[in-house]
>>> print(open('data-v2.cif').read())   # mmCIF, C-alpha atoms
data_run
loop_
_atom_site.label_atom_id
_atom_site.label_comp_id
_atom_site.auth_asym_id
_atom_site.auth_seq_id
_atom_site.Cartn_x
_atom_site.Cartn_y
_atom_site.Cartn_z
CA MET H 75 19.59 -15.87 -34.61
CA ASP H 76 22.37 -18.35 -35.27
CA LEU H 77 24.28 -18.57 -38.52
CA ARG H 78 25.38 -21.85 -40.03
CA PRO H 79 28.03 -23.50 -37.82
CA ALA H 80 30.70 -23.10 -40.50
CA LEU H 81 30.14 -19.33 -40.56
CA SER H 82 30.30 -18.91 -36.80
CA LYS H 83 33.76 -20.51 -36.75
CA MET H 84 35.32 -18.75 -39.76
CA GLN H 85 37.92 -16.02 -39.58
CA PRO H 86 36.73 -13.13 -41.80
CA TYR H 87 39.04 -11.57 -44.35
CA THR H 88 40.37 -8.20 -43.19
CA PRO H 89 40.98 -5.75 -46.05
CA GLY H 90 43.63 -3.06 -45.92
CA GLU H 91 42.85 0.17 -44.11
CA GLN H 92 41.02 2.77 -46.19
CA PRO H 93 41.39 6.24 -44.60
CA PRO H 94 39.55 9.36 -45.77
CA PRO H 95 40.86 10.63 -49.14
CA GLY H 96 43.88 12.90 -49.00
CA LYS H 97 44.88 12.26 -45.40
CA TYR H 98 47.53 9.58 -45.92
CA ILE H 99 50.06 8.37 -48.44
CA LYS H 100 48.51 4.99 -49.22
CA LEU H 101 50.99 2.23 -49.94
CA ASN H 102 49.03 -0.55 -48.26
CA THR H 103 46.45 -1.97 -50.68
CA ASN H 104 48.30 -2.23 -54.03
CA GLU H 105 46.17 0.38 -55.77
CA ASN H 106 47.50 2.20 -58.80
CA PRO H 107 48.73 5.62 -57.59
CA TYR H 108 47.89 7.21 -60.93
CA PRO H 109 44.42 8.22 -62.17
CA PRO H 110 42.75 5.90 -64.69
CA PRO H 111 42.96 6.60 -68.41
CA PRO H 112 41.45 10.01 -69.31
CA SER H 113 39.18 8.28 -71.79
CA VAL H 114 37.62 6.34 -68.89
CA VAL H 115 36.82 9.55 -67.01
CA SER H 116 35.27 11.08 -70.13
CA ALA H 117 33.21 7.96 -70.78
CA LEU H 118 31.92 7.95 -67.20
CA GLN H 119 30.96 11.62 -67.39
CA ALA H 120 29.00 10.97 -70.56
CA ALA H 121 27.42 7.81 -69.14
CA ALA H 122 26.19 9.61 -66.02
CA SER H 123 23.40 11.12 -68.10
CA GLY H 124 22.59 7.74 -69.62
CA PRO H 125 19.95 5.12 -68.80
CA LEU H 126 20.64 4.77 -65.07
CA ASN H 127 16.98 3.89 -64.57
CA ARG H 128 17.47 0.69 -66.56
CA TYR H 129 19.19 -2.55 -65.59
CA PRO H 130 22.64 -3.05 -67.16
CA ASP H 131 23.57 -5.66 -69.73
CA PRO H 132 23.61 -8.84 -67.61
CA THR H 133 26.69 -10.25 -69.40
CA ALA H 134 28.62 -6.99 -70.01
CA THR H 135 28.85 -7.78 -73.72
CA ALA H 136 30.67 -4.59 -74.74
CA PHE H 137 33.34 -5.18 -72.13
CA ARG H 138 33.82 -8.80 -73.07
CA ARG H 139 34.31 -7.86 -76.71
CA ALA H 140 36.87 -5.20 -75.82
CA ALA H 141 38.70 -7.54 -73.44
CA ALA H 142 38.80 -10.39 -75.96
CA ASN H 143 40.29 -8.03 -78.52
CA ALA H 144 42.89 -6.65 -76.08
CA LEU H 145 43.92 -10.10 -74.86
CA GLY H 146 43.98 -11.84 -78.22
CA LEU H 147 41.16 -14.26 -77.41
CA PRO H 148 38.92 -15.79 -80.09
CA GLY H 149 35.81 -13.97 -78.85
CA PRO H 150 33.78 -12.67 -75.91
CA GLU H 151 32.46 -16.14 -75.11
CA TRP H 152 35.82 -16.82 -73.39
CA ILE H 153 35.16 -14.17 -70.73
CA LEU H 154 32.93 -13.84 -67.66
CA ALA H 155 32.69 -10.37 -66.11
CA GLY H 156 32.37 -9.86 -62.37
CA ASN H 157 32.11 -7.30 -59.59
CA GLY H 158 35.85 -7.38 -58.97
CA SER H 159 37.91 -10.54 -59.25
CA ASP H 160 36.80 -11.38 -55.70
CA GLU H 161 33.30 -12.07 -57.04
CA ILE H 162 34.79 -14.24 -59.77
CA LEU H 163 36.66 -16.24 -57.12
CA THR H 164 33.45 -16.54 -55.13
CA ILE H 165 31.61 -17.90 -58.16
CA LEU H 166 34.35 -20.45 -58.82
CA VAL H 167 34.42 -21.73 -55.25
CA ARG H 168 30.63 -21.91 -55.24
CA ALA H 169 30.64 -23.78 -58.55
CA PHE H 170 33.32 -26.38 -57.85
CA VAL H 171 33.72 -26.93 -54.11
CA GLY H 172 30.84 -28.51 -52.21
CA GLU H 173 30.40 -28.72 -48.46
CA GLY H 174 33.16 -30.81 -46.95
CA GLN H 175 35.16 -30.93 -50.18
CA LEU H 176 38.68 -29.60 -50.54
CA LEU H 177 40.25 -26.42 -51.89
CA ARG H 178 44.05 -26.08 -52.12
CA LEU H 179 46.17 -22.93 -51.95
CA PRO H 180 49.82 -22.04 -51.37
CA TYR H 181 51.01 -20.37 -48.17
CA PRO H 182 51.46 -17.56 -47.60
CA SER H 183 49.13 -16.13 -50.22
CA TYR H 184 45.79 -14.32 -50.56
CA ILE H 185 43.94 -14.95 -47.30
CA LEU H 186 40.50 -14.46 -48.91
CA TYR H 187 40.79 -17.93 -50.48
CA ARG H 188 40.37 -19.55 -47.08
CA THR H 189 37.43 -17.30 -46.24
CA LEU H 190 35.60 -18.30 -49.42
CA ALA H 191 36.05 -21.98 -48.56
CA ASP H 192 34.78 -21.37 -45.02
CA ILE H 193 31.66 -19.61 -46.32
CA GLN H 194 30.98 -22.59 -48.55
CA GLY H 195 31.40 -25.04 -45.68
CA ALA H 196 34.31 -26.53 -47.59
CA ARG H 197 37.73 -27.53 -46.33
CA TRP H 198 40.98 -25.91 -47.35
CA GLU H 199 44.60 -26.98 -47.21
CA GLN H 200 47.60 -24.71 -47.32
CA MET H 201 50.86 -25.93 -48.79
CA PRO H 202 53.81 -23.76 -47.71
CA PHE H 203 56.15 -22.42 -50.33
CA LEU H 204 59.65 -23.86 -50.21
CA ASP H 205 62.78 -21.70 -50.02
CA GLY H 206 62.96 -19.39 -53.00
CA TRP H 207 59.16 -19.34 -53.24
CA HIS H 208 58.96 -22.64 -55.08
CA LEU H 209 55.91 -24.89 -54.85
CA PRO H 210 56.28 -28.32 -53.24
CA THR H 211 55.75 -31.34 -55.46
CA ALA H 212 52.63 -32.24 -53.48
CA PHE H 213 50.93 -29.07 -54.72
CA GLY H 214 50.32 -30.76 -58.06
CA GLN H 215 49.16 -34.11 -56.69
CA GLY H 216 45.50 -35.07 -56.64
CA SER H 217 43.28 -36.50 -53.93
CA ASP H 218 39.77 -37.96 -53.97
CA ASP H 219 38.08 -34.85 -52.54
CA LEU H 220 40.20 -32.13 -54.15
CA ARG H 221 37.91 -29.93 -56.25
CA LEU H 222 39.77 -26.66 -56.88
CA VAL H 223 43.33 -25.28 -56.70
CA LEU H 224 43.98 -21.54 -56.41
CA LEU H 225 47.36 -20.13 -57.40
CA PRO H 226 48.00 -16.37 -57.25
CA ASN H 227 50.60 -15.53 -59.89
CA PRO H 228 52.30 -13.16 -59.12
CA ASN H 229 51.80 -14.14 -55.51
CA SER H 230 50.91 -11.83 -52.66
CA PRO H 231 52.65 -10.91 -50.40
CA SER H 232 55.86 -11.99 -52.13
CA GLY H 233 55.38 -10.68 -55.69
CA THR H 234 57.01 -13.88 -56.96
CA ILE H 235 55.86 -16.00 -59.89
CA VAL H 236 55.57 -19.67 -60.76
CA SER H 237 56.89 -20.39 -64.25
CA ARG H 238 54.67 -21.14 -67.25
CA ASP H 239 56.21 -24.59 -67.57
CA GLU H 240 55.37 -25.44 -63.97
CA ILE H 241 51.81 -24.18 -64.36
CA GLU H 242 51.35 -26.45 -67.39
CA LYS H 243 52.77 -29.37 -65.42
CA LEU H 244 50.30 -28.66 -62.61
CA ALA H 245 47.43 -28.60 -65.10
CA ASN H 246 48.52 -31.98 -66.45
CA THR H 247 48.68 -33.67 -63.03
CA LEU H 248 45.81 -32.08 -61.09
CA PRO H 249 42.37 -33.78 -61.28
CA CYS H 250 40.52 -30.46 -60.94
CA PRO H 251 40.52 -26.87 -62.24
CA LEU H 252 43.65 -24.78 -61.62
CA VAL H 253 42.76 -21.11 -61.12
CA VAL H 254 45.66 -18.79 -61.87
CA ASP H 255 44.81 -15.54 -60.09
CA GLU H 256 46.53 -12.86 -62.17
CA ALA H 257 45.58 -9.73 -60.26
CA TYR H 258 49.11 -8.36 -60.78
CA ALA H 259 50.04 -9.99 -64.08
CA ASP H 260 50.32 -6.73 -66.04
CA PHE H 261 53.43 -5.93 -63.98
CA ALA H 262 55.04 -9.34 -64.59
CA GLU H 263 57.22 -10.83 -67.31
CA PHE H 264 54.48 -13.14 -68.59
CA ASN H 265 50.88 -14.20 -68.11
CA CYS H 266 48.88 -17.37 -68.69
CA ILE H 267 46.02 -16.14 -70.87
CA ASP H 268 47.18 -18.22 -73.84
CA LEU H 269 47.36 -21.37 -71.69
CA VAL H 270 43.59 -21.26 -71.23
CA GLN H 271 43.17 -22.15 -74.89
CA LYS H 272 45.55 -25.12 -74.54
CA HIS H 273 44.27 -26.52 -71.23
CA GLU H 274 40.60 -26.86 -70.39
CA ASN H 275 41.35 -26.92 -66.66
CA ILE H 276 43.44 -23.71 -66.55
CA LEU H 277 41.29 -20.70 -65.61
CA VAL H 278 42.65 -17.17 -65.29
CA THR H 279 41.18 -14.41 -63.13
CA ARG H 280 41.96 -10.73 -63.64
CA THR H 281 41.06 -7.43 -62.00
CA LEU H 282 40.99 -3.82 -63.19
CA SER H 283 41.75 -2.60 -59.65
CA LYS H 284 45.54 -2.64 -59.99
CA SER H 285 47.14 -1.80 -63.31
CA TYR H 286 44.11 0.02 -64.76
CA GLY H 287 43.59 2.27 -61.72
CA LEU H 288 39.95 1.29 -61.22
CA ALA H 289 39.90 -0.09 -57.66
CA GLY H 290 36.99 2.20 -56.83
CA VAL H 291 34.90 0.83 -59.70
CA ARG H 292 35.12 -2.87 -58.72
CA PHE H 293 35.44 -4.86 -61.92
CA GLY H 294 37.15 -8.14 -62.71
CA PHE H 295 36.80 -11.05 -65.09
CA LEU H 296 37.50 -14.70 -65.74
CA VAL H 297 39.11 -16.20 -68.83
CA ALA H 298 38.08 -19.82 -69.43
CA GLN H 299 36.91 -22.04 -72.25
CA PRO H 300 33.42 -21.16 -73.55
CA GLN H 301 31.65 -24.30 -72.35
CA LEU H 302 32.61 -23.47 -68.76
CA ILE H 303 31.82 -19.76 -69.09
CA LYS H 304 28.31 -20.71 -70.23
CA LYS H 305 27.76 -22.87 -67.15
CA LEU H 306 29.12 -20.25 -64.76
CA CYS H 307 26.73 -17.64 -66.19
CA ASN H 308 23.94 -19.71 -64.65
CA ILE H 309 25.47 -19.21 -61.19
CA LYS H 310 26.34 -15.52 -61.11
CA ASP H 311 23.95 -12.81 -59.94
CA SER H 312 21.60 -11.63 -62.67
CA TYR H 313 23.07 -8.12 -62.95
CA ASN H 314 26.42 -8.46 -61.23
CA CYS H 315 28.21 -5.61 -63.04
CA ASP H 316 26.59 -2.19 -62.92
CA TYR H 317 26.17 0.11 -65.90
CA LEU H 318 28.81 2.68 -64.96
CA ALA H 319 31.40 0.08 -63.96
CA THR H 320 30.93 -1.70 -67.28
CA ILE H 321 31.39 1.57 -69.18
CA ALA H 322 34.61 2.30 -67.28
CA ALA H 323 35.98 -1.23 -67.71
CA THR H 324 35.20 -1.31 -71.43
CA GLU H 325 36.97 1.98 -72.04
CA ALA H 326 39.94 0.86 -69.94
CA MET H 327 40.42 -2.24 -72.09
CA ASN H 328 40.63 0.05 -75.12
CA ALA H 329 43.46 2.05 -73.49
CA GLN H 330 46.34 -0.41 -73.95
CA ASP H 331 48.89 2.29 -74.82
CA TRP H 332 48.07 4.08 -71.55
CA LEU H 333 48.43 0.78 -69.69
CA ALA H 334 51.86 0.09 -71.19
CA ASP H 335 53.12 3.56 -70.20
CA VAL H 336 51.87 3.30 -66.61
CA VAL H 337 53.23 -0.21 -66.12
CA LYS H 338 56.64 0.86 -67.44
CA LYS H 339 56.68 3.81 -65.03
CA MET H 340 55.59 1.76 -62.02
CA ASN H 341 58.05 -1.05 -62.72
CA ALA H 342 60.87 1.51 -62.84
CA THR H 343 59.75 2.87 -59.47
CA ARG H 344 59.56 -0.69 -58.12
CA ALA H 345 63.18 -1.36 -59.14
CA ARG H 346 64.33 1.79 -57.38
CA MET H 347 62.32 0.86 -54.26
CA GLN H 348 63.91 -2.57 -54.09
CA LEU H 349 67.42 -1.18 -54.41
CA ARG H 350 66.93 1.45 -51.71
CA LEU H 351 65.23 -0.96 -49.30
CA SER H 352 68.19 -3.30 -49.71
CA GLU H 353 70.55 -0.43 -48.93
CA LEU H 354 68.55 0.16 -45.73
CA GLY H 355 69.28 -3.40 -44.67
CA PHE H 356 66.04 -5.11 -45.68
CA ASN H 357 65.91 -8.56 -47.21
CA VAL H 358 63.88 -7.80 -50.32
CA THR H 359 62.10 -10.45 -52.35
CA PRO H 360 62.42 -9.59 -56.08
CA SER H 361 58.90 -8.64 -57.15
CA GLN H 362 56.95 -8.93 -60.38
CA ALA H 363 53.91 -7.15 -58.95
CA ASN H 364 53.11 -3.56 -57.98
CA PHE H 365 54.37 -4.04 -54.44
CA VAL H 366 57.49 -5.15 -52.61
CA TRP H 367 57.75 -7.66 -49.75
CA CYS H 368 60.60 -6.93 -47.38
CA GLN H 369 61.85 -8.19 -44.04
CA HIS H 370 64.46 -6.62 -41.78
CA PRO H 371 66.93 -8.55 -39.63
CA SER H 372 65.83 -6.46 -36.62
CA GLY H 373 62.36 -8.00 -36.81
CA LYS H 374 60.81 -4.65 -35.89
CA HIS H 375 58.24 -4.76 -38.67
CA ASN H 376 55.21 -3.83 -36.59
CA GLU H 377 57.14 -0.95 -35.03
CA MET H 378 58.06 0.31 -38.50
CA TYR H 379 54.44 0.05 -39.59
CA GLN H 380 53.26 2.04 -36.55
CA TYR H 381 56.01 4.64 -37.03
CA LEU H 382 55.11 5.16 -40.68
CA LYS H 383 51.43 5.43 -39.81
CA LYS H 384 52.19 8.24 -37.35
CA GLN H 385 53.88 10.00 -40.26
CA GLN H 386 50.67 9.48 -42.27
CA ILE H 387 52.16 6.81 -44.49
CA LEU H 388 50.27 3.52 -44.68
CA VAL H 389 52.01 0.25 -45.58
CA ARG H 390 50.80 -3.28 -44.88
CA TYR H 391 52.18 -5.14 -41.89
CA MET H 392 51.53 -8.85 -42.38
CA ASP H 393 52.17 -11.68 -39.93
CA PHE H 394 51.80 -15.25 -41.15
CA PRO H 395 51.69 -17.88 -38.38
CA ASP H 396 54.45 -20.49 -38.59
CA TRP H 397 56.10 -18.53 -41.37
CA GLY H 398 57.00 -14.99 -40.33
CA ASP H 399 56.10 -11.34 -40.67
CA GLY H 400 57.20 -8.37 -42.75
CA LEU H 401 56.12 -5.29 -44.65
CA ARG H 402 54.34 -5.26 -48.00
CA ILE H 403 54.79 -1.83 -49.57
CA SER H 404 52.80 -0.86 -52.65
CA VAL H 405 54.48 0.93 -55.53
CA GLY H 406 53.33 4.55 -55.37
CA THR H 407 54.41 7.61 -57.28
CA ASP H 408 58.09 8.51 -57.06
CA ASP H 409 57.29 11.24 -54.52
CA GLN H 410 55.23 8.86 -52.36
CA VAL H 411 57.92 6.20 -52.44
CA ASP H 412 60.63 8.73 -51.61
CA ALA H 413 58.63 9.91 -48.59
CA CYS H 414 58.23 6.34 -47.33
CA LEU H 415 61.91 5.52 -47.83
CA MET H 416 62.97 8.71 -46.09
CA MET H 417 60.85 7.88 -43.04
CA LEU H 418 62.19 4.33 -42.91
CA GLU H 419 65.71 5.74 -42.97
CA ARG H 420 64.81 8.02 -40.05
CA PHE H 421 63.37 5.06 -38.16
CA PHE H 422 66.81 3.45 -38.07
CA GLN H 423 68.68 6.61 -37.03
#
>>> encode(input="data-v2.cif", output="structure tokens")
Amino acid sequence: MDLRPALSKMQPYTPGEQPPPGKYIKLNTNENPYPPPPSVVSALQAAASGPLNRYPDPTATAFRRAAANALGLPGPEWILAGNGSDEILTILVRAFVGEGQLLRLPYPSYILYRTLADIQGARWEQMPFLDGWHLPTAFGQGSDDLRLVLLPNPNSPSGTIVSRDEIEKLANTLPCPLVVDEAYADFAEFNCIDLVQKHENILVTRTLSKSYGLAGVRFGFLVAQPQLIKKLCNIKDSYNCDYLATIAATEAMNAQDWLADVVKKMNATRARMQLRLSELGFNVTPSQANFVWCQHPSGKHNEMYQYLKKQQILVRYMDFPDWGDGLRISVGTDDQVDACLMMLERFFQ
């Protein structure tokens, strides 16, 4: 049986390798190397004997209340919960971009954006970052068929950020919603949550997979003005967030002191990583995420990736056509990072 023509032509998104637990040092998918808050584990253990035979709350009300409180939002009506931020992105593309219409994204950035457009039968355009990871002026210009703009901030693979002022300027010039994908924002100097209240067309997506250590739970959310959240609730799956995931996410949002401690620790490790990689000869892009993008003058990035893998250390080798390749290395524990750096040093000996 044939799929729709658009689906037969699309290039599927390829996630990072997930080996069996315990076999590798995993620095390839930007997970938090530390366990989630202890209160989350306790809440899940208690919930396991709960009403698993019943459907969950379809709007994850308890989570939305906790998140609104943690983020300083007026109320839960500003939040839509999802099965990871990837589902939130899927809902937004489905809601705003019709077949043949246009979605805009920077390049290089999160490759899934293009896949979501392809699934929808929509078109996408990539606008390359300028030197220094600045956006071109054209990124903020409208066109008749432009329906959605996606901006990861901090960006992946670079870990760089676009300033708050520039994001507000984009919102003022674009004729469509501007989605600021803040998967890594807890590691950055600022976020754009407050801008959602000032600009109807600024939407912010978040995930609990990174800073909160809940990648295995799959939970994310959208922050947008209530009138839009209400409309998007009509599009999402009826019970898109399961009972246990909602319990874990709610408890995580109540653990802000734990979050602050873990972020401080990981950012210190990130700074040490960047310094040592520079000493090894890499060109390191200063990061505000929980990973580091680095390129070596030798150009032997794929060889380094393969060498590290043989030593049971996984990093992400990424090759962007017409732009270049390099290594994206997640921030692990100090011991994990030291092991990776030691093996890279041996590679050059």
>>> resolve_selection(input="data-v2.cif", expression="the PyMOL selection byres ((chain H and resi 174) around 9)", output="ChimeraX atom specification")
/H:171-173,175-176,194-197,219
>>> write_last_selection(input="data-v2.cif", atoms="C-alpha atoms", output="short mmCIF file (atom, residue, chain, number, x, y, z; two decimals), in the frame of the given file")
data_model
loop_
_atom_site.label_atom_id
_atom_site.label_comp_id
_atom_site.auth_asym_id
_atom_site.auth_seq_id
_atom_site.Cartn_x
_atom_site.Cartn_y
_atom_site.Cartn_z
CA VAL H 171 33.72 -26.93 -54.11
CA GLY H 172 30.84 -28.51 -52.21
CA GLU H 173 30.40 -28.72 -48.46
CA GLN H 175 35.16 -30.93 -50.18
CA LEU H 176 38.68 -29.60 -50.54
CA GLN H 194 30.98 -22.59 -48.55
CA GLY H 195 31.40 -25.04 -45.68
CA ALA H 196 34.31 -26.53 -47.59
CA ARG H 197 37.73 -27.53 -46.33
CA ASP H 219 38.08 -34.85 -52.54
#
>>> resolve_selection(input="data-v2.cif", expression="the PyMOL selection byres ((chain H and resi 279-287) around 6)", output="list in words")
Glu105, Asn106, Pro110, Ser159, Asp255, Glu256, Ala257, Val278, Leu288, Ala289, Phe293, Gly294, Phe295 and Leu296 of chain H
>>> closest_residue(input="data-v2.cif", among="H:Phe203, H:Trp367, H:Phe422, H:Phe213", to="Leu177 (chain H)", atoms="all atoms listed in the file")
H:Phe213
>>> closest_residue(input="data-v2.cif", among="H:Thr234, H:Thr164, H:Thr320, H:Gln380", to="Phe365 (chain H)", atoms="all atoms listed in the file")
H:Thr234
>>> resolve_selection(input="data-v2.cif", expression="the PyMOL selection byres ((chain H and resi 98-104) around 6)", output="VMD selection string")
chain H and resid 90 96 to 97 105 386 to 390 403 to 404
>>> residues_around(input="data-v2.cif", residues="Leu401 (chain H)", least_positions_apart="6", cutoff="12 Å", atoms="only C-alpha atoms", output="ChimeraX atom specification")
/H:101-103,230-232,351,356-359,365-370,373-380,382,388-394,418
>>> closest_residue(input="data-v2.cif", among="H:Asp396, H:Ile235, H:Phe421, H:Ala323", to="Leu354 (chain H)", atoms="only C-alpha atoms")
H:Phe421
>>> closest_residue(input="data-v2.cif", among="H:Lys83, H:Ala144, H:Ala259, H:Glu274", to="Thr189 (chain H)", atoms="only C-alpha atoms")
H:Lys83
>>> closest_residue(input="data-v2.cif", among="H:Ala191, H:Ile162, H:Ala134, H:Val291", to="Val114 (chain H)", atoms="all atoms listed in the file")
H:Val291
>>> residues_around(input="data-v2.cif", residues="Met201 (chain H)", least_positions_apart="6", cutoff="12 Å", atoms="all atoms listed in the file", output="PyMOL selection string")
chain H and resi 177-183+207-215+223-225+397
>>> atom_distance(input="data-v2.cif", atom1="CA of Thr324 (chain H)", atom2="CA of Thr343 (chain H)")
27.6 Å
>>> atom_distance(input="data-v2.cif", atom1="CA of Tyr108 (chain H)", atom2="CA of Val336 (chain H)")
8.0 Å
>>> atom_distance(input="data-v2.cif", atom1="CA of Leu269 (chain H)", atom2="CA of Glu240 (chain H)")
11.8 Å
>>> closest_residue(input="data-v2.cif", among="H:Ala140, H:Ala334, H:Ala121, H:Leu166", to="Leu306 (chain H)", atoms="all atoms listed in the file")
H:Leu166
>>> axis_aligned_box(input="data-v2.cif", around="region 147-151 of chain H", padding_each_side="3 Å", output="AutoDock Vina command-line options")
--center_x 36.8 --center_y -14.4 --center_z -77.6 --size_x 14.7 --size_y 9.5 --size_z 11.0
>>> residues_near_point(input="data-v2.cif", point="(35.5, -16.6, -50.3)", cutoff="10 Å", atoms="only C-alpha atoms", output="PDB file with C-alpha atoms, in the coordinates of the input")
ATOM      1  CA  PRO H  86      36.730 -13.130 -41.800  1.00  0.00           C
ATOM      2  CA  TYR H  87      39.040 -11.570 -44.350  1.00  0.00           C
ATOM      3  CA  ASP H 160      36.800 -11.380 -55.700  1.00  0.00           C
ATOM      4  CA  GLU H 161      33.300 -12.070 -57.040  1.00  0.00           C
ATOM      5  CA  ILE H 162      34.790 -14.240 -59.770  1.00  0.00           C
ATOM      6  CA  LEU H 163      36.660 -16.240 -57.120  1.00  0.00           C
ATOM      7  CA  THR H 164      33.450 -16.540 -55.130  1.00  0.00           C
ATOM      8  CA  ILE H 165      31.610 -17.900 -58.160  1.00  0.00           C
ATOM      9  CA  LEU H 166      34.350 -20.450 -58.820  1.00  0.00           C
ATOM     10  CA  VAL H 167      34.420 -21.730 -55.250  1.00  0.00           C
ATOM     11  CA  ARG H 168      30.630 -21.910 -55.240  1.00  0.00           C
ATOM     12  CA  ILE H 185      43.940 -14.950 -47.300  1.00  0.00           C
ATOM     13  CA  LEU H 186      40.500 -14.460 -48.910  1.00  0.00           C
ATOM     14  CA  TYR H 187      40.790 -17.930 -50.480  1.00  0.00           C
ATOM     15  CA  ARG H 188      40.370 -19.550 -47.080  1.00  0.00           C
ATOM     16  CA  THR H 189      37.430 -17.300 -46.240  1.00  0.00           C
ATOM     17  CA  LEU H 190      35.600 -18.300 -49.420  1.00  0.00           C
ATOM     18  CA  ALA H 191      36.050 -21.980 -48.560  1.00  0.00           C
ATOM     19  CA  ASP H 192      34.780 -21.370 -45.020  1.00  0.00           C
ATOM     20  CA  ILE H 193      31.660 -19.610 -46.320  1.00  0.00           C
ATOM     21  CA  GLN H 194      30.980 -22.590 -48.550  1.00  0.00           C
TER      22      GLN H 194
END
>>> build_atoms(input="data-v2.cif", residues="region 367-382 of chain H", atoms="N, CA and C atoms", output="PDB file, in the frame of the given file")
ATOM      1  N   TRP H 367      57.756  -6.986 -51.059  1.00  0.00           N
ATOM      2  CA  TRP H 367      57.750  -7.660 -49.750  1.00  0.00           C
ATOM      3  C   TRP H 367      59.164  -7.592 -49.191  1.00  0.00           C
ATOM      4  N   CYS H 368      59.275  -7.084 -47.965  1.00  0.00           N
ATOM      5  CA  CYS H 368      60.600  -6.930 -47.380  1.00  0.00           C
ATOM      6  C   CYS H 368      60.576  -7.266 -45.893  1.00  0.00           C
ATOM      7  N   GLN H 369      61.681  -7.815 -45.443  1.00  0.00           N
ATOM      8  CA  GLN H 369      61.850  -8.190 -44.040  1.00  0.00           C
ATOM      9  C   GLN H 369      63.198  -7.675 -43.563  1.00  0.00           C
ATOM     10  N   HIS H 370      63.232  -7.193 -42.332  1.00  0.00           N
ATOM     11  CA  HIS H 370      64.460  -6.620 -41.780  1.00  0.00           C
ATOM     12  C   HIS H 370      65.016  -7.527 -40.698  1.00  0.00           C
ATOM     13  N   PRO H 371      66.337  -7.681 -40.651  1.00  0.00           N
ATOM     14  CA  PRO H 371      66.930  -8.550 -39.630  1.00  0.00           C
ATOM     15  C   PRO H 371      66.560  -8.162 -38.199  1.00  0.00           C
ATOM     16  N   SER H 372      66.213  -6.892 -37.966  1.00  0.00           N
ATOM     17  CA  SER H 372      65.830  -6.460 -36.620  1.00  0.00           C
ATOM     18  C   SER H 372      64.510  -7.058 -36.174  1.00  0.00           C
ATOM     19  N   GLY H 373      63.681  -7.455 -37.141  1.00  0.00           N
ATOM     20  CA  GLY H 373      62.360  -8.000 -36.810  1.00  0.00           C
ATOM     21  C   GLY H 373      61.362  -6.977 -36.330  1.00  0.00           C
ATOM     22  N   LYS H 374      61.677  -5.701 -36.446  1.00  0.00           N
ATOM     23  CA  LYS H 374      60.810  -4.650 -35.890  1.00  0.00           C
ATOM     24  C   LYS H 374      59.768  -4.186 -36.918  1.00  0.00           C
ATOM     25  N   HIS H 375      59.147  -5.118 -37.587  1.00  0.00           N
ATOM     26  CA  HIS H 375      58.240  -4.760 -38.670  1.00  0.00           C
ATOM     27  C   HIS H 375      56.991  -4.029 -38.182  1.00  0.00           C
ATOM     28  N   ASN H 376      56.416  -4.500 -37.105  1.00  0.00           N
ATOM     29  CA  ASN H 376      55.210  -3.830 -36.590  1.00  0.00           C
ATOM     30  C   ASN H 376      55.551  -2.433 -36.084  1.00  0.00           C
ATOM     31  N   GLU H 377      56.724  -2.273 -35.483  1.00  0.00           N
ATOM     32  CA  GLU H 377      57.140  -0.950 -35.030  1.00  0.00           C
ATOM     33  C   GLU H 377      57.323   0.000 -36.210  1.00  0.00           C
ATOM     34  N   MET H 378      57.899  -0.511 -37.294  1.00  0.00           N
ATOM     35  CA  MET H 378      58.060   0.310 -38.500  1.00  0.00           C
ATOM     36  C   MET H 378      56.702   0.728 -39.052  1.00  0.00           C
ATOM     37  N   TYR H 379      55.792  -0.243 -39.102  1.00  0.00           N
ATOM     38  CA  TYR H 379      54.440   0.050 -39.590  1.00  0.00           C
ATOM     39  C   TYR H 379      53.798   1.152 -38.758  1.00  0.00           C
ATOM     40  N   GLN H 380      53.862   1.047 -37.438  1.00  0.00           N
ATOM     41  CA  GLN H 380      53.260   2.040 -36.550  1.00  0.00           C
ATOM     42  C   GLN H 380      53.948   3.391 -36.708  1.00  0.00           C
ATOM     43  N   TYR H 381      55.267   3.388 -36.852  1.00  0.00           N
ATOM     44  CA  TYR H 381      56.010   4.640 -37.030  1.00  0.00           C
ATOM     45  C   TYR H 381      55.590   5.335 -38.316  1.00  0.00           C
ATOM     46  N   LEU H 382      55.516   4.577 -39.401  1.00  0.00           N
ATOM     47  CA  LEU H 382      55.110   5.160 -40.680  1.00  0.00           C
ATOM     48  C   LEU H 382      53.683   5.701 -40.605  1.00  0.00           C
TER      49      LEU H 382
END
